[in-house]
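Colleague: Hey, dropping structure_13.csv in here, CSV, C-alpha atoms:
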chain,number,residue,atom,x,y,z
A,1,MET,CA,5.4,-123.0,54.0
A,2,SER,CA,6.8,-119.7,53.2
A,3,ASP,CA,5.6,-116.6,55.0
A,4,THR,CA,6.0,-114.5,51.7
A,5,ALA,CA,3.1,-114.1,49.3
A,6,PRO,CA,3.7,-115.7,45.9
A,7,PRO,CA,4.4,-113.3,43.0
A,8,LYS,CA,1.4,-112.0,41.1
A,9,GLU,CA,0.9,-112.9,37.5
A,10,PRO,CA,1.5,-109.9,35.1
A,11,THR,CA,-1.8,-108.3,34.0
A,12,THR,CA,-2.3,-108.3,30.2
A,13,THR,CA,-4.7,-106.3,28.0
A,14,HIS,CA,-6.2,-108.1,25.0
A,15,THR,CA,-6.9,-106.0,21.8
A,16,PRO,CA,-9.6,-107.4,19.7
A,17,PHE,CA,-8.7,-108.4,16.2
A,18,LEU,CA,-9.4,-105.7,13.4
A,19,SER,CA,-11.7,-106.6,10.7
A,20,THR,CA,-10.6,-106.4,7.0
A,21,LYS,CA,-13.0,-103.5,6.3
A,22,THR,CA,-11.8,-101.5,9.2
A,23,LEU,CA,-8.1,-102.0,8.2
A,24,THR,CA,-8.8,-100.9,4.6
A,25,ALA,CA,-10.6,-97.8,5.8
A,26,LEU,CA,-7.7,-96.8,8.0
A,27,VAL,CA,-5.2,-97.3,5.2
A,28,ALA,CA,-7.3,-95.0,2.9
A,29,ILE,CA,-7.5,-92.3,5.6
A,30,LEU,CA,-3.7,-92.5,6.1
A,31,ALA,CA,-3.1,-92.1,2.3
A,32,ILE,CA,-5.3,-89.1,2.1
A,33,ALA,CA,-3.6,-87.4,5.0
A,34,LEU,CA,-0.2,-88.0,3.5
A,35,ALA,CA,-1.3,-86.6,0.2
A,36,PHE,CA,-2.7,-83.4,1.8
A,37,SER,CA,0.4,-83.1,3.9
A,38,THR,CA,2.6,-83.2,0.7
A,39,THR,CA,0.5,-80.7,-1.1
A,40,PHE,CA,0.5,-78.3,1.8
A,41,ARG,CA,4.3,-78.7,2.2
A,42,ASN,CA,4.9,-78.0,-1.5
A,43,THR,CA,2.6,-75.0,-1.5
A,44,LEU,CA,4.3,-73.5,1.6
A,45,THR,CA,7.7,-74.0,0.1
A,46,SER,CA,6.7,-72.4,-3.1
A,47,PHE,CA,5.2,-69.4,-1.3
A,48,LEU,CA,8.3,-68.8,0.9
A,49,THR,CA,10.8,-69.0,-2.0
A,50,LYS,CA,8.8,-67.0,-4.6
A,51,PRO,CA,10.2,-63.4,-5.0
A,52,THR,CA,7.7,-60.7,-4.1
A,53,THR,CA,6.5,-58.0,-6.5
A,54,ALA,CA,7.4,-55.3,-4.1
A,55,ARG,CA,11.0,-56.4,-4.0
A,56,THR,CA,11.2,-56.5,-7.8
A,57,MET,CA,9.8,-53.0,-8.3
A,58,SER,CA,11.9,-51.3,-5.6
A,59,THR,CA,14.7,-50.4,-8.1
A,60,ALA,CA,13.8,-48.6,-11.3
A,61,ALA,CA,14.1,-50.6,-14.5
A,62,ALA,CA,17.2,-49.7,-16.4
A,63,PRO,CA,19.8,-51.3,-18.7
A,64,ALA,CA,22.5,-52.9,-16.6
A,65,SER,CA,25.2,-51.1,-18.6
A,66,MET,CA,23.7,-47.7,-18.2
A,67,LYS,CA,25.9,-44.9,-16.8
A,68,ILE,CA,24.5,-41.7,-15.3
A,69,ASN,CA,26.6,-38.6,-14.7
A,70,LYS,CA,24.6,-36.0,-12.7
A,71,ARG,CA,25.0,-32.3,-13.7
A,72,PRO,CA,23.9,-30.4,-10.6
A,73,TRP,CA,22.0,-27.1,-11.2
A,74,SER,CA,24.7,-25.1,-9.3
A,75,HIS,CA,27.5,-26.4,-11.5
A,76,ARG,CA,26.1,-25.1,-14.7
A,77,GLY,CA,27.3,-21.9,-16.3
A,78,HIS,CA,25.4,-19.0,-14.8
A,79,ALA,CA,24.9,-15.3,-15.7
A,80,ASP,CA,22.8,-12.5,-14.2
A,81,HIS,CA,22.7,-9.6,-16.7
A,82,ASP,CA,19.8,-8.0,-14.8
A,83,TRP,CA,17.5,-8.2,-17.8
A,84,LEU,CA,18.5,-11.8,-18.3
A,85,TYR,CA,18.9,-14.5,-15.6
A,86,THR,CA,20.3,-17.7,-17.2
A,87,TYR,CA,21.8,-21.1,-16.6
A,88,HIS,CA,23.9,-22.8,-19.3
A,89,THR,CA,24.1,-26.6,-19.4
A,90,PHE,CA,26.8,-26.5,-22.1
A,91,SER,CA,29.5,-24.0,-22.9
A,92,PHE,CA,27.8,-20.8,-24.1
A,93,ALA,CA,28.7,-17.1,-24.5
A,94,SER,CA,31.3,-16.2,-21.8
A,95,TYR,CA,30.9,-19.6,-20.0
A,96,TYR,CA,33.3,-22.3,-21.3
A,97,ASP,CA,34.1,-25.7,-19.9
A,98,PRO,CA,35.7,-28.3,-22.2
A,99,ARG,CA,33.9,-31.1,-20.2
A,100,HIS,CA,30.5,-29.7,-21.2
A,101,GLU,CA,30.6,-28.6,-24.8
A,102,SER,CA,27.9,-30.8,-26.3
A,103,TRP,CA,26.3,-34.2,-26.0
A,104,GLY,CA,25.6,-36.1,-29.2
A,105,PRO,CA,23.9,-33.5,-31.5
A,106,LEU,CA,22.8,-31.4,-28.5
A,107,ARG,CA,24.7,-28.2,-28.3
A,108,VAL,CA,22.8,-25.7,-26.1
A,109,ILE,CA,20.3,-26.0,-23.2
A,110,ASN,CA,19.9,-22.6,-21.7
A,111,GLU,CA,17.3,-21.9,-19.0
A,112,ASP,CA,16.4,-18.3,-19.4
A,113,ARG,CA,14.4,-15.7,-17.5
A,114,VAL,CA,13.9,-12.4,-19.3
A,115,LYS,CA,12.6,-9.3,-17.4
A,116,PRO,CA,9.6,-7.4,-18.6
A,117,GLY,CA,10.2,-5.0,-21.5
A,118,THR,CA,13.5,-6.5,-22.5
A,119,GLY,CA,14.8,-9.3,-24.7
A,120,PHE,CA,17.2,-10.5,-27.3
A,121,GLY,CA,17.5,-8.0,-30.2
A,122,ALA,CA,17.7,-9.2,-33.8
A,123,HIS,CA,20.6,-11.5,-34.4
A,124,SER,CA,21.7,-14.1,-37.0
A,125,HIS,CA,21.9,-17.9,-36.9
A,126,ALA,CA,22.9,-20.5,-39.5
A,127,GLU,CA,23.3,-24.3,-39.5
A,128,PHE,CA,21.5,-24.9,-36.2
A,129,LEU,CA,18.2,-26.3,-35.1
A,130,ILE,CA,16.8,-23.9,-32.5
A,131,PHE,CA,13.7,-24.5,-30.3
A,132,SER,CA,12.2,-22.7,-27.3
A,133,TYR,CA,10.1,-24.5,-24.7
A,134,ILE,CA,7.9,-21.9,-22.9
A,135,VAL,CA,7.5,-22.5,-19.1
A,136,ASN,CA,5.8,-19.3,-18.0
A,137,GLY,CA,5.1,-15.8,-19.4
A,138,THR,CA,4.9,-14.6,-23.0
A,139,LEU,CA,7.8,-14.6,-25.5
A,140,GLU,CA,7.6,-12.6,-28.7
A,141,HIS,CA,9.3,-14.3,-31.7
A,142,LYS,CA,10.0,-12.3,-34.8
A,143,ASP,CA,12.2,-13.4,-37.7
A,144,SER,CA,13.4,-12.6,-41.2
A,145,MET,CA,11.0,-15.1,-42.7
A,146,GLY,CA,8.1,-12.9,-41.8
A,147,ASN,CA,7.0,-14.8,-38.7
A,148,LEU,CA,5.7,-12.8,-35.7
A,149,GLU,CA,4.2,-14.8,-32.7
A,150,ASN,CA,3.5,-14.4,-29.0
A,151,LEU,CA,4.3,-17.7,-27.4
A,152,THR,CA,2.8,-18.8,-24.0
A,153,ARG,CA,3.1,-21.8,-21.7
A,154,GLY,CA,3.0,-25.1,-23.5
A,155,GLU,CA,4.1,-23.7,-26.8
A,156,VAL,CA,7.3,-24.8,-28.5
A,157,GLN,CA,8.8,-22.7,-31.3
A,158,PHE,CA,11.1,-24.4,-33.7
A,159,THR,CA,13.5,-22.8,-36.2
A,160,SER,CA,15.7,-24.6,-38.6
A,161,ALA,CA,18.2,-21.8,-39.3
A,162,GLY,CA,19.7,-23.6,-42.3
A,163,THR,CA,21.4,-21.3,-44.7
A,164,GLY,CA,20.7,-18.3,-42.4
A,165,ILE,CA,18.0,-16.4,-40.6
A,166,ARG,CA,17.7,-13.4,-38.3
A,167,HIS,CA,15.3,-13.3,-35.4
A,168,SER,CA,14.6,-11.6,-32.1
A,169,GLU,CA,13.0,-12.8,-28.9
A,170,TYR,CA,11.4,-10.3,-26.6
A,171,ASN,CA,9.3,-10.0,-23.5
A,172,ARG,CA,6.7,-7.3,-24.3
A,173,ASN,CA,4.9,-7.9,-21.0
A,174,LYS,CA,5.2,-4.9,-18.6
A,175,ASP,CA,4.7,-6.9,-15.4
A,176,ASP,CA,5.9,-10.6,-15.6
A,177,GLU,CA,9.2,-12.2,-16.7
A,178,VAL,CA,9.2,-14.9,-19.3
A,179,HIS,CA,10.8,-18.3,-18.4
A,180,PHE,CA,11.8,-20.6,-21.1
A,181,LEU,CA,14.4,-23.2,-22.2
A,182,GLN,CA,16.3,-22.4,-25.4
A,183,ILE,CA,17.7,-25.6,-27.0
A,184,TRP,CA,20.1,-25.9,-30.0
A,185,ALA,CA,21.0,-29.1,-31.9
A,186,LYS,CA,23.3,-29.7,-34.8
A,187,PRO,CA,21.5,-30.9,-38.0
A,188,ASN,CA,22.5,-34.0,-39.9
A,189,LYS,CA,22.5,-32.0,-43.2
A,190,ARG,CA,24.0,-28.6,-44.1
A,191,GLY,CA,22.5,-26.0,-46.3
A,192,LEU,CA,18.9,-26.7,-45.3
A,193,LYS,CA,16.2,-24.2,-46.3
A,194,PRO,CA,15.2,-22.1,-43.3
A,195,HIS,CA,12.0,-23.4,-41.7
A,196,TYR,CA,9.8,-22.2,-38.8
A,197,GLU,CA,7.0,-24.1,-36.9
A,198,THR,CA,5.1,-23.7,-33.6
A,199,LYS,CA,3.0,-26.3,-31.8
A,200,LYS,CA,1.3,-26.3,-28.4
A,201,PHE,CA,1.5,-29.1,-25.9
A,202,THR,CA,-0.9,-28.8,-23.0
A,203,ASP,CA,-0.2,-29.7,-19.3
A,204,GLU,CA,-2.8,-32.4,-19.7
A,205,GLN,CA,-0.9,-34.0,-22.6
A,206,LYS,CA,2.2,-34.2,-20.4
A,207,LYS,CA,0.6,-35.2,-17.1
A,208,ASP,CA,2.0,-38.5,-15.8
A,209,THR,CA,3.2,-39.6,-19.3
A,210,LEU,CA,6.0,-38.8,-21.7
A,211,CYS,CA,4.8,-36.5,-24.5
A,212,ARG,CA,6.9,-36.5,-27.6
A,213,ILE,CA,7.7,-32.9,-28.5
A,214,MET,CA,10.5,-33.2,-31.0
A,215,GLU,CA,11.3,-36.1,-33.3
A,216,SER,CA,13.7,-36.9,-36.1
A,217,THR,CA,12.1,-36.5,-39.5
A,218,GLU,CA,13.1,-40.1,-40.2
A,219,ARG,CA,11.0,-41.3,-37.3
A,220,LEU,CA,8.2,-38.8,-37.5
A,221,GLY,CA,5.7,-41.4,-38.8
A,222,ASP,CA,5.5,-42.8,-35.3
A,223,ALA,CA,4.9,-39.4,-33.7
A,224,LYS,CA,2.9,-37.3,-36.1
A,225,HIS,CA,1.9,-34.8,-33.4
A,226,ALA,CA,5.6,-33.9,-32.7
A,227,ILE,CA,7.7,-31.3,-34.5
A,228,GLY,CA,10.1,-32.8,-37.0
A,229,LEU,CA,13.8,-31.9,-37.0
A,230,GLN,CA,16.8,-33.0,-39.1
A,231,ALA,CA,18.8,-34.8,-36.4
A,232,ASP,CA,18.9,-38.1,-34.7
A,233,LEU,CA,17.3,-36.6,-31.7
A,234,SER,CA,14.0,-37.0,-29.8
A,235,MET,CA,12.7,-34.9,-27.0
A,236,ASP,CA,9.9,-35.8,-24.6
A,237,ALA,CA,8.3,-33.6,-21.9
A,238,SER,CA,6.5,-34.8,-18.8
A,239,ILE,CA,4.8,-33.3,-15.7
A,240,LEU,CA,5.1,-36.3,-13.3
A,241,SER,CA,3.1,-36.4,-10.1
A,242,PRO,CA,4.7,-37.5,-6.8
A,243,GLY,CA,4.9,-41.3,-6.6
A,244,LYS,CA,4.2,-41.8,-10.3
A,245,LYS,CA,6.5,-43.5,-12.9
A,246,VAL,CA,6.9,-43.4,-16.6
A,247,THR,CA,8.9,-45.7,-18.9
A,248,HIS,CA,10.9,-44.5,-21.9
A,249,GLU,CA,11.4,-46.9,-24.7
A,250,VAL,CA,14.7,-46.1,-26.4
A,251,VAL,CA,13.7,-44.8,-29.9
A,252,ALA,CA,16.3,-46.7,-32.0
A,253,SER,CA,18.4,-49.8,-32.0
A,254,GLY,CA,22.1,-49.7,-31.2
A,255,PRO,CA,24.2,-47.3,-29.1
A,256,ARG,CA,22.2,-44.4,-27.7
A,257,ARG,CA,22.7,-41.4,-25.4
A,258,LEU,CA,20.1,-39.7,-23.3
A,259,PHE,CA,20.0,-36.4,-21.4
A,260,ALA,CA,17.4,-35.5,-18.7
A,261,GLN,CA,16.8,-31.9,-17.5
A,262,VAL,CA,14.5,-31.0,-14.6
A,263,ILE,CA,12.9,-27.6,-15.1
A,264,MET,CA,13.3,-25.1,-12.2
A,265,GLY,CA,10.3,-23.7,-10.3
A,266,LYS,CA,12.3,-20.7,-9.1
A,267,ARG,CA,15.7,-19.1,-9.6
A,268,ALA,CA,17.4,-21.6,-7.2
A,269,GLN,CA,16.8,-25.2,-6.3
A,270,PRO,CA,14.9,-25.6,-3.0
A,271,LYS,CA,17.1,-26.4,-0.1
A,272,ALA,CA,14.6,-29.2,0.8
A,273,GLY,CA,11.8,-30.9,-1.2
A,274,GLY,CA,10.6,-29.6,-4.4
A,275,ALA,CA,10.3,-31.5,-7.7
A,276,GLN,CA,12.6,-34.5,-7.9
A,277,ILE,CA,12.9,-37.5,-10.3
A,278,LYS,CA,14.8,-40.7,-10.0
A,279,ILE,CA,16.5,-42.5,-12.9
A,280,GLY,CA,18.3,-45.7,-11.8
A,281,GLU,CA,19.7,-44.8,-8.4
A,282,THR,CA,20.3,-41.1,-9.3
A,283,VAL,CA,18.0,-38.4,-8.0
A,284,LEU,CA,17.7,-35.1,-9.8
A,285,GLY,CA,16.2,-32.0,-8.3
A,286,GLU,CA,15.0,-28.8,-9.9
A,287,GLY,CA,17.6,-27.5,-12.4
A,288,ASP,CA,19.6,-30.7,-12.3
A,289,GLY,CA,20.5,-32.5,-15.5
A,290,ALA,CA,22.0,-35.9,-16.2
A,291,TYR,CA,24.2,-37.4,-18.9
A,292,ILE,CA,23.0,-40.9,-19.6
A,293,ASP,CA,25.4,-43.1,-21.6
A,294,ALA,CA,26.1,-46.8,-22.4
A,295,VAL,CA,22.5,-47.5,-23.4
A,296,LYS,CA,21.8,-49.8,-26.3
A,297,GLY,CA,18.4,-50.1,-27.9
A,298,PRO,CA,16.0,-51.7,-27.7
A,299,ALA,CA,15.8,-50.9,-24.0
A,300,SER,CA,13.5,-49.4,-21.4
A,301,ILE,CA,14.3,-46.7,-18.8
A,302,GLU,CA,12.0,-46.0,-15.9
A,303,ILE,CA,11.7,-42.5,-14.3
A,304,GLU,CA,10.0,-42.0,-11.0
A,305,SER,CA,8.8,-38.7,-9.4
A,306,VAL,CA,10.2,-38.8,-5.8
A,307,GLY,CA,9.7,-35.2,-4.7
A,308,ASP,CA,6.8,-33.5,-3.0
A,309,LYS,CA,5.5,-31.6,-6.0
A,310,PRO,CA,5.0,-32.5,-9.7
A,311,ALA,CA,8.2,-32.6,-11.6
A,312,GLU,CA,8.4,-31.1,-15.1
A,313,PHE,CA,11.3,-32.4,-17.1
A,314,LEU,CA,12.6,-32.9,-20.6
A,315,LEU,CA,14.2,-36.2,-21.8
A,316,PHE,CA,16.4,-36.3,-24.9
A,317,ASP,CA,17.2,-39.5,-26.8
A,318,MET,CA,19.9,-39.3,-29.4
A,319,GLY,CA,22.6,-41.0,-31.4
A,320,PRO,CA,26.0,-41.1,-29.8
A,321,GLU,CA,27.9,-39.0,-32.3
A,322,GLN,CA,28.0,-35.3,-32.9
A,323,GLN,CA,26.5,-34.3,-36.2
Once more with this new file: its structure as structure tokens, please.
Modeller:
Amino acid sequence: MSDTAPPKEPTTTHTPFLSTKTLTALVAILAIALAFSTTFRNTLTSFLTKPTTARTMSTAAAPASMKINKRPWSHRGHADHDWLYTYHTFSFASYYDPRHESWGPLRVINEDRVKPGTGFGAHSHAEFLIFSYIVNGTLEHKDSMGNLENLTRGEVQFTSAGTGIRHSEYNRNKDDEVHFLQIWAKPNKRGLKPHYETKKFTDEQKKDTLCRIMESTERLGDAKHAIGLQADLSMDASILSPGKKVTHEVVASGPRRLFAQVIMGKRAQPKAGGAQIKIGETVLGEGDGAYIDAVKGPASIEIESVGDKPAEFLLFDMGPEQQ
């Protein structure tokens, strides 16, 4: 007899047999769990791969082909005649630069400040469309057609010189200078009958929107409140609050040119801050302009105010050729 204990039998656990009903219920539960797992997985995948709105809106909408050439305020022509303090976007008077003679039908954008009791004496014009955008102060307009008006902020005076007129622009105020932009464009027809017109556009009309100020007579039906001019040219004005955006719909099909001009608050651009707008990836401060080319309508261009004060600016939309 062996003195070692015999090996023990292995211990086994017996599982009771599952009933048919129990098995069916388990299969149903498993199917439901798998279904919910798939739905959750698909939803999660879709959420993670979907582009966010913030990412889409981070860059201003603009045609991919659009080209912007900034015209800094300090690079414009400049003159200080004591009675007249002025900046010239295009070649004018004693300032000449062959790179900046005109843009489409646009020929002159002068930002003028005229001292009290002084002004432009009577002088002649012919074959130009001339309009003045009053920023501050009072400008007296007098012409050979018999018009005499005192223009204040928000008013736009338009003269089609046509076959010829004489006019004067004067600051009769004894205390305050007058600040205005004088703009000239070439008409698409010669020998027009001289014409004069004035309209007022309030700050409220321009606030956080694009207000059509000038419009080609051929498109005037779509902007009846605007002043009509005989050129393929539109001009909008805006006073855009910080953080706000506006969208310009190009006014005609085919190749177009645009020009943006930010109006100055003072005689020089602030060293920091101030009014600023952003077009595409280009930021314009007070007094800056921008040539915008290679745009083909229909198209949309977004402009955002990115400064620390409301930005007042003009936006021109025109045909590409000089008229």
Colleague: Give me, please, the distance in Å between CA of Ile183 (chain A) and CA of Asp97 (chain A), quoted to one decimal.
Modeller: 17.9 Å
Colleague: Using all atoms listed in the file and a cutoff of 12 Å, can you tell me which residues are near (24.6, -52.2, -14.8) in the file's coordinates, and write them out as a PyMOL selection string?
Modeller: chain A and resi 60-68+280-281+293-295
Colleague: List as a Markdown table every residue of region 211-295 of chain A that is in contact with region 89-95 of chain A, defined as an atom at most 10 Å from one of its atoms (using all atoms listed in the file), together with the nearest atom pair and the distance in Å rounded to one decimal, sorted by chain and then rising number.
Modeller:
| residue | atom | partner | partner_atom | distance |
| --- | --- | --- | --- | --- |
| A:Gln261 | CA | A:Thr89 | CA | 9.2 |
| A:Gly287 | CA | A:Thr89 | CA | 9.6 |
| A:Asp288 | CA | A:Thr89 | CA | 9.4 |
| A:Gly289 | CA | A:Thr89 | CA | 7.9 |
Colleague: For Ser168 (chain A), find every residue with an atom within 6 Å (counting only C-alpha atoms), except residues of its own chain fewer than 2 positions away, and show them as a list in words.
Modeller: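 Surrounding residues, per the criterion: Phe120, Gly121, Ala122, His141 and Lys142 of chain A.
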Colleague: For CA of Leu151 (chain A) and CA of Ile109 (chain A), quote the distance in Å rounded to one decimal.
Modeller: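 Distance between the two atoms: 18.5 Å.
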Colleague: Separation of CA of Ile301 (chain A) and CA of Lys278 (chain A), in Å?
Modeller: 10.7 Å
Colleague: Tell me, as a ChimeraX atom specification, which residues lie within 10 Å of region 268-274 of chain A, counting all atoms listed in the file; anything in the same chain fewer than 4 positions away does not count.
Modeller: /A:72-74,263-264,285-288,306-311
